[in-house]
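Everything on this sheet refers to the single structure shown next.
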2 protein chains.
Amino acid sequence: MEELRAWRGRIGAELDAVVAFWERHSHDPEYGGFFSCLSRDGSVYDDTKFVWLQGRQIWVYSRLYRTVPRFRRPELLEAARKAGEFLESHVRPEPGSTRAAFALSRDGRPVRLQRSFYSEAFCALGLDELGRAAGEERYRAWARRWAGAMWGWARGAPMELGRPRFSGTPPQQALAQAMMVLKVGLQLWGDPRRDPQNEPEAPEAEAMAEWGAQHVLMHLQRGDSVVLENVSPEGEELPGSLGRLMNPGHALEAAWLLLQLSGRRGDAALGARAVAALLEGPLRRGWDPQHGGLFSFLDADGLCPTQLEWSMKLWWPHAEAMVALLAAQRFQPRPSLVSQFLQVAQYTFDKFRDPEHGEWFGYLNRDGSVALSIKGGPYKGCFHVARALLMCEEMLDAILEGEEPPQ
Amino acid sequence: MEELRAWRGRIGAELDAVVAFWERHSHDPEYGGFFSCLSRDGSVYDDTKFVWLQGRQIWVYSRLYRTVPRFRRPELLEAARKAGEFLESHVRPEPGSTRAAFALSRDGRPVRLQRSFYSEAFCALGLDELGRAAGEERYRAWARRWAGAMWGWARGAPMELGRPRFSGTPPQQALAQAMMVLKVGLQLWGDPRRDPQNEPEAPEAEAMAEWGAQHVLMHLQRGDSVVLENVSPEGEELPGSLGRLMNPGHALEAAWLLLQLSGRRGDAALGARAVAALLEGPLRRGWDPQHGGLFSFLDADGLCPTQLEWSMKLWWPHAEAMVALLAAQRFQPRPSLVSQFLQVAQYTFDKFRDPEHGEWFGYLNRDGSVALSIKGGPYKGCFHVARALLMCEEMLDAILEGEEPPQ
């Protein structure tokens with residue numbers, strides 16, 4: 001317990017430092033929105049505005065403002081609002097489109113569109129939280145529209161995204177997509193502890209979370225011993241490298257999302273399955289026995305993955321692992337979970353944290369040395385680190401105060 | 001000279017071993033075509049047939065059969081023919097399409113289509129060489145059709161490839177595309193030393209090579225001191241990471257292609273510019289002073305690239321560097337070129353070659369250790385290694401015999 005108390009202190013201080021880094025370097029006072037391409041020292045090396053990272057930073061600022069007293073500062077909410085307005089004004093690749101671009105120029109012109117629905121998902125996530133923080137329904141209405149579009153694509157209209165399906169391509173579903181539906185569903189549903197009001201959209205959001213959870217569980221294969229990133233729509237294994245691919249970070253993120261759902265449902269069996277199959281298994285298989293840290297990709301038969309970065313250590317799976325381990329400890333305390341949390345947190349703070357300039361490095365070589373010195377880019381911004389620190393702070397407080405888990 | 005003579009021996013033996021590896025492991029006697037997803041020991045870990053690698057292996061087998069007496073074996077030509085027929089029957093994503101898929105199932109059903117023209121380019125490259133080796137015009141007619149389609153897209157109909165252009169995306173051209181037009185143009189043109197007949201399609205092919213060369217030269221920027229992967233259609237620098245991106249391997253490959261063109265044209269100024277700007281500059285900037293080997297990507301202002309693999313050492317830039325250095329030595333001999341060839345060849349054979357199972361590893365960590373143990377995958381097959389060894393063997397023979405360069 002003393003060790004966890006020390007970590008509570010470190011994590012709180014780190015959250016302050018990380019938020020300060022993004023406040024200092026990422027804001028665009030001229031057009032609104034956030035730069036994410038920041039060098040090691042925070043300087044902007046590219047002013048493209050990546051939409052995932054707009055939605056994500058809006059979420060972080062709004063959630064901090066809404067739930068953590070020391071972050072209830074008007075500047076944070078104001079920056080989130082300006083980014084929300086920037087998104088709503090500019091994110092459609094053409095007027096009236098139901099799609100959200102992947103990247104915008106600094107002044108908001110569309111640059112790139114992906115054939116997937118993650119941009120729309122992060123718009124939904126950020127705008128819903130902004131609506132809750134600002135107490136303004138219109139942001140949440142925008143969020144519901146994006147969420148509805150993405151869930152529609154997930155459920156059966158993927159062709160609308162412009163990706164043709166060929167006769168040689170086996171029908172497939174990705175863990176990342178199912179998990180995203182679960183995540184957005186939980187967000188729109190709201191947290192019963194914090195948002196006790198009976199919200200009109202809750203039943204739809206509940207159904208979305210439930211659908212996401214059911215589809216996440218289809219990726220547990222071979223008697224729950226592996227988590228496969230891609231399976232058939234019927235939940236069968238697919239042939240080849242695609243079918244054997246595992247992404248430990250996705251499994252770990254899915255673990256804590258399912259633990260949230262199991263808490264709301266009082267479904268202990270679901271929670272136990274999430275801990276065993278999505279946390280313990282991936283941590284065991286995914287942890288590098290030679291250098292420590294989590295691999296980015298693995299092959300379920302132990303073959304070599306074809307992803308060039310498979311053995312690189314990325315920041316976000318480590319952030320997700322810290323959250324998942326504390327969520328599991330809140331669900332059903334066990335000494336092994338605490339010792340694993342201490343191991344993962346130590347590796348993560350030792351290797352990813354940059355005490356000199358703040359924030360975390362994102363991309364390490366297998367041996368733990370820094371491969372990319374950037375603090376942000378097209379896929380890394382103000383999100384996983386801050387979210388993990390915030391959630392770990394909350395959960396450590398509850399654990400240290402001996403609070404009952406949120407069933 | 002003694003050192004070069006020793007290398008001639010090693011390179012010839014290595015070419016034999018590499019071709020034997022692909023003959024033993026990559027053929028599909030049932031459907032025709034080639035597997036490229038081979039593990040370290042040659043076993044097939046995925047039976048997807050990647051179209052780039054079909055066209056490339058057809059080229060290698062046909063060129064070996066046609067030009068190297070010890071490889072004039074009917075089995076090689078027969079395998080190339082079967083793959084050519086497989087391609088022509090199956091490569092269109094739908095009947096009548098002008099596009100070639102990126103990947104096919106083992107039995108030839110389309111799996112994936114890219115929004116670029118490299119599949120079509122490698123179909124053209126392989127089928128033209130097959131037509132020359134087999135002495136059959138129909139293969140070359142197929143090649144001309146693919147080449148015409150890709151050149152059309154390169155010149156001004158990129159929207160036909162299905163990639164939307166948005167108002168925030170600056171118009172841009174990629175070195176890789178210009179180089180591919182040059183490469184296919186040179187192939188269809190034929191080598192005057194080997195193909196002396198006045199071919200009806202030669203003027204069109206010459207124009208294609210010329211167009212490719214002019215567009216390659218637009219990527220030489222800042223007084224020829226950097227080679228930028230992406231520039232505007234007018235040859236101006238683009239803003240941000242995209243505009244600063246450099247790919248030393250592409251520059252080195254462009255160097256020897258331009259040296260071939262300068263030889264045919266008798267254009268010594270073009271050759272000198274290719275050596276200075278596309279060979280010497282990229283070798284100086286691209287060589288890792290700490291661990292040796294060529295970086296995969298660099299930023300022209302010395303910032304950190306956003307490509308996760310930027311500091312990894314890939315097999316193909318090293319193969320291209322060996323070819324480019326000997327081509328430069330043939331063009332205008334200099335002791336520094338020989339010593340650089342010896343350095344690059346030594347690093348390459350030491351680090352990439354697998355004496356135990358044959359062929360080369362493709363993907364090393366920055367420190368030169370093996371990152372991916374596979375011998376082939378979606379982008380590596382029977383091409384760069386065999387082509388480089390074949391070209392180095394030919395050029396070393398000419399250098400050692402004191403032959404005049406091919407002006």
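Within each chain, counting starts at residue 1; across the structure tokens, chains are named A, B, ... in the order shown, with ligands numbered 1 upward in that order.
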Would you mind listing, as a compact mmCIF listing (two decimals) with all heavy atoms, in the first residue's frame, all residues of chain A that have at least one atom within 6 Å of chain B, where only C-alpha atoms are what counts?
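Final output, selection.txt:
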```
# COMPACT_ATOMS: atom_id res chain seq x y z
N ASP A 46 4.98 20.69 -37.68
CA ASP A 46 4.03 20.57 -38.78
C ASP A 46 2.70 21.07 -38.22
O ASP A 46 2.32 20.67 -37.12
CB ASP A 46 3.93 19.10 -39.23
CG ASP A 46 3.08 18.91 -40.48
OD1 ASP A 46 1.92 19.38 -40.50
OD2 ASP A 46 3.57 18.30 -41.45
N SER A 105 -6.04 21.23 -42.73
CA SER A 105 -4.99 22.23 -42.69
C SER A 105 -5.18 23.10 -41.44
O SER A 105 -6.24 23.07 -40.81
CB SER A 105 -5.04 23.11 -43.94
OG SER A 105 -6.27 23.79 -43.99
N ARG A 109 -9.12 23.51 -43.79
CA ARG A 109 -9.50 22.88 -45.06
C ARG A 109 -9.17 21.39 -45.01
O ARG A 109 -8.14 21.00 -44.46
CB ARG A 109 -8.76 23.56 -46.22
CG ARG A 109 -9.34 24.95 -46.57
CD ARG A 109 -8.38 25.72 -47.45
NE ARG A 109 -7.12 25.95 -46.77
CZ ARG A 109 -5.91 25.83 -47.33
NH1 ARG A 109 -5.79 25.47 -48.59
NH2 ARG A 109 -4.82 26.07 -46.63
N PRO A 110 -10.04 20.55 -45.60
CA PRO A 110 -9.80 19.10 -45.53
C PRO A 110 -8.54 18.71 -46.29
O PRO A 110 -8.28 19.22 -47.38
CB PRO A 110 -11.04 18.49 -46.18
CG PRO A 110 -11.61 19.58 -47.02
CD PRO A 110 -11.27 20.87 -46.35
N VAL A 111 -7.76 17.82 -45.70
CA VAL A 111 -6.51 17.35 -46.30
C VAL A 111 -6.59 15.88 -46.67
O VAL A 111 -6.10 15.46 -47.70
CB VAL A 111 -5.33 17.59 -45.33
CG1 VAL A 111 -4.07 16.89 -45.80
CG2 VAL A 111 -5.08 19.08 -45.14
N PHE A 166 -13.82 -7.23 -52.19
CA PHE A 166 -13.57 -8.09 -53.33
C PHE A 166 -13.86 -9.54 -52.99
O PHE A 166 -13.87 -9.92 -51.82
CB PHE A 166 -12.13 -7.93 -53.79
CG PHE A 166 -11.82 -6.54 -54.25
CD1 PHE A 166 -10.96 -5.73 -53.54
CD2 PHE A 166 -12.42 -6.04 -55.40
CE1 PHE A 166 -10.69 -4.44 -53.96
CE2 PHE A 166 -12.16 -4.75 -55.83
CZ PHE A 166 -11.29 -3.95 -55.10
N GLY A 168 -12.09 -12.11 -53.19
CA GLY A 168 -11.04 -12.85 -52.52
C GLY A 168 -10.80 -12.40 -51.09
O GLY A 168 -9.99 -12.98 -50.37
N THR A 169 -11.48 -11.32 -50.66
CA THR A 169 -11.30 -10.80 -49.30
C THR A 169 -12.29 -11.47 -48.37
O THR A 169 -13.50 -11.29 -48.54
CB THR A 169 -11.58 -9.29 -49.25
OG1 THR A 169 -10.99 -8.68 -50.39
CG2 THR A 169 -11.05 -8.66 -47.99
N GLY A 240 -4.10 -17.10 -42.51
CA GLY A 240 -2.94 -16.27 -42.81
C GLY A 240 -2.55 -15.31 -41.70
O GLY A 240 -3.07 -15.36 -40.58
```
>> I'd like the contact shell of Ala83 in chain A - 9 Å cut-off, only C-alpha atoms, skipping same-chain residues fewer than 3 positions apart - returned as an MDAnalysis selection string.
In response: chainID A and resid 31:34 54:55 57:58 78:80 86:88
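All residues of protein, DNA or RNA that reach within 8 Å of range 252-260 of chain A, judged by only C-alpha atoms and not counting those fewer than 3 positions away in the chain, are A:Met179, A:Leu182, A:Lys183, A:Ala213, A:Val216, A:Pro248, A:Gly249, A:Gly263, A:Arg264, A:Leu270, A:Gly271, A:Ala274, A:Val275, A:Leu278, A:Leu279, A:Pro282, A:Leu283, A:Pro317, A:Glu320, A:Ala321, A:Val323, A:Ala324, A:Ala327, A:Ala328, A:Phe331.
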Could those residues be written to a file, using N, CA, C and O atoms, as an mmCIF file, in the first residue's frame?
```
data_model
loop_
_atom_site.group_PDB
_atom_site.id
_atom_site.type_symbol
_atom_site.label_atom_id
_atom_site.label_comp_id
_atom_site.auth_asym_id
_atom_site.auth_seq_id
_atom_site.Cartn_x
_atom_site.Cartn_y
_atom_site.Cartn_z
ATOM 1 N N MET A 179 -14.192 -2.323 -30.291
ATOM 2 C CA MET A 179 -13.808 -1.623 -29.076
ATOM 3 C C MET A 179 -14.208 -0.157 -29.143
ATOM 4 O O MET A 179 -14.611 0.443 -28.152
ATOM 5 N N LEU A 182 -17.819 0.179 -28.394
ATOM 6 C CA LEU A 182 -18.003 0.037 -26.943
ATOM 7 C C LEU A 182 -17.620 1.334 -26.219
ATOM 8 O O LEU A 182 -18.330 1.822 -25.336
ATOM 9 N N LYS A 183 -16.486 1.906 -26.624
ATOM 10 C CA LYS A 183 -15.975 3.101 -25.956
ATOM 11 C C LYS A 183 -16.928 4.284 -26.126
ATOM 12 O O LYS A 183 -17.259 4.979 -25.159
ATOM 13 N N ALA A 213 -19.460 -4.621 -26.848
ATOM 14 C CA ALA A 213 -18.919 -5.645 -25.949
ATOM 15 C C ALA A 213 -19.079 -7.035 -26.549
ATOM 16 O O ALA A 213 -18.151 -7.858 -26.522
ATOM 17 N N VAL A 216 -16.503 -7.391 -29.203
ATOM 18 C CA VAL A 216 -15.159 -7.538 -28.638
ATOM 19 C C VAL A 216 -14.934 -8.991 -28.220
ATOM 20 O O VAL A 216 -13.888 -9.591 -28.502
ATOM 21 N N PRO A 248 -1.519 -6.513 -28.401
ATOM 22 C CA PRO A 248 -1.724 -6.530 -26.945
ATOM 23 C C PRO A 248 -2.324 -5.230 -26.396
ATOM 24 O O PRO A 248 -3.142 -5.254 -25.467
ATOM 25 N N GLY A 249 -1.967 -4.102 -26.992
ATOM 26 C CA GLY A 249 -2.503 -2.825 -26.515
ATOM 27 C C GLY A 249 -4.013 -2.737 -26.680
ATOM 28 O O GLY A 249 -4.724 -2.253 -25.780
ATOM 29 N N GLY A 263 -19.145 -3.500 -14.443
ATOM 30 C CA GLY A 263 -19.503 -2.779 -13.222
ATOM 31 C C GLY A 263 -20.918 -2.201 -13.313
ATOM 32 O O GLY A 263 -21.715 -2.318 -12.374
ATOM 33 N N ARG A 264 -21.227 -1.618 -14.457
ATOM 34 C CA ARG A 264 -22.563 -1.020 -14.594
ATOM 35 C C ARG A 264 -23.655 -2.074 -14.608
ATOM 36 O O ARG A 264 -24.757 -1.862 -14.115
ATOM 37 N N LEU A 270 -18.642 -11.443 -16.655
ATOM 38 C CA LEU A 270 -18.018 -10.670 -17.727
ATOM 39 C C LEU A 270 -16.706 -10.050 -17.246
ATOM 40 O O LEU A 270 -15.687 -10.088 -17.947
ATOM 41 N N GLY A 271 -16.722 -9.508 -16.025
ATOM 42 C CA GLY A 271 -15.504 -8.903 -15.484
ATOM 43 C C GLY A 271 -14.390 -9.928 -15.340
ATOM 44 O O GLY A 271 -13.232 -9.658 -15.705
ATOM 45 N N ALA A 274 -12.954 -10.737 -18.704
ATOM 46 C CA ALA A 274 -12.125 -9.635 -19.207
ATOM 47 C C ALA A 274 -10.745 -9.667 -18.549
ATOM 48 O O ALA A 274 -9.717 -9.497 -19.226
ATOM 49 N N VAL A 275 -10.708 -9.902 -17.240
ATOM 50 C CA VAL A 275 -9.418 -9.922 -16.539
ATOM 51 C C VAL A 275 -8.562 -11.082 -17.031
ATOM 52 O O VAL A 275 -7.375 -10.920 -17.345
ATOM 53 N N LEU A 278 -8.367 -10.782 -21.440
ATOM 54 C CA LEU A 278 -7.949 -9.542 -22.098
ATOM 55 C C LEU A 278 -6.843 -8.821 -21.336
ATOM 56 O O LEU A 278 -6.182 -7.947 -21.887
ATOM 57 N N LEU A 279 -6.664 -9.159 -20.057
ATOM 58 C CA LEU A 279 -5.586 -8.521 -19.295
ATOM 59 C C LEU A 279 -4.448 -9.514 -19.043
ATOM 60 O O LEU A 279 -3.320 -9.307 -19.482
ATOM 61 N N PRO A 282 -2.862 -11.302 -22.488
ATOM 62 C CA PRO A 282 -2.051 -10.375 -23.288
ATOM 63 C C PRO A 282 -0.819 -9.842 -22.548
ATOM 64 O O PRO A 282 0.230 -9.645 -23.165
ATOM 65 N N LEU A 283 -0.918 -9.639 -21.226
ATOM 66 C CA LEU A 283 0.263 -9.183 -20.489
ATOM 67 C C LEU A 283 1.334 -10.266 -20.472
ATOM 68 O O LEU A 283 2.532 -9.988 -20.601
ATOM 69 N N PRO A 317 0.111 1.308 -25.382
ATOM 70 C CA PRO A 317 -0.232 0.037 -24.727
ATOM 71 C C PRO A 317 0.196 0.012 -23.254
ATOM 72 O O PRO A 317 -0.465 -0.606 -22.415
ATOM 73 N N GLU A 320 -2.403 1.933 -21.349
ATOM 74 C CA GLU A 320 -3.609 1.103 -21.205
ATOM 75 C C GLU A 320 -3.404 0.001 -20.174
ATOM 76 O O GLU A 320 -4.324 -0.360 -19.436
ATOM 77 N N ALA A 321 -2.187 -0.553 -20.134
ATOM 78 C CA ALA A 321 -1.908 -1.627 -19.166
ATOM 79 C C ALA A 321 -2.014 -1.112 -17.738
ATOM 80 O O ALA A 321 -2.560 -1.803 -16.857
ATOM 81 N N VAL A 323 -3.894 1.322 -16.648
ATOM 82 C CA VAL A 323 -5.324 1.506 -16.359
ATOM 83 C C VAL A 323 -5.999 0.150 -16.133
ATOM 84 O O VAL A 323 -6.750 -0.040 -15.166
ATOM 85 N N ALA A 324 -5.714 -0.808 -17.014
ATOM 86 C CA ALA A 324 -6.389 -2.110 -16.927
ATOM 87 C C ALA A 324 -6.037 -2.825 -15.627
ATOM 88 O O ALA A 324 -6.898 -3.459 -14.998
ATOM 89 N N ALA A 327 -7.923 -1.189 -12.829
ATOM 90 C CA ALA A 327 -9.354 -1.506 -12.971
ATOM 91 C C ALA A 327 -9.627 -2.933 -12.504
ATOM 92 O O ALA A 327 -10.639 -3.203 -11.847
ATOM 93 N N ALA A 328 -8.699 -3.846 -12.810
ATOM 94 C CA ALA A 328 -8.853 -5.231 -12.362
ATOM 95 C C ALA A 328 -8.730 -5.320 -10.837
ATOM 96 O O ALA A 328 -9.455 -6.072 -10.184
ATOM 97 N N PHE A 331 -11.853 -4.276 -9.373
ATOM 98 C CA PHE A 331 -12.899 -5.287 -9.589
ATOM 99 C C PHE A 331 -12.754 -6.432 -8.590
ATOM 100 O O PHE A 331 -13.733 -6.857 -7.972
#
```
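Every protein, DNA or RNA residue with an atom at most 12 Å from Leu238 in chain A, where only C-alpha atoms count and chain neighbours fewer than 4 positions away do not, is listed here: Thr169, Pro170, Pro171, Gln172, Gln173, Ala174, His219, Gln221, Leu228, Glu229, Asn230, Val231, Ser232, Pro233, Glu234, Leu242, Gly243, Arg244, Leu245 and Ala300 of chain A; Asp46 of chain B.
When only C-alpha atoms are used to measure the gap to Pro29 in chain A, the shortest distance among A:Gly302, A:Tyr65, A:Lys82, A:Ala398 belongs to A:Lys82.
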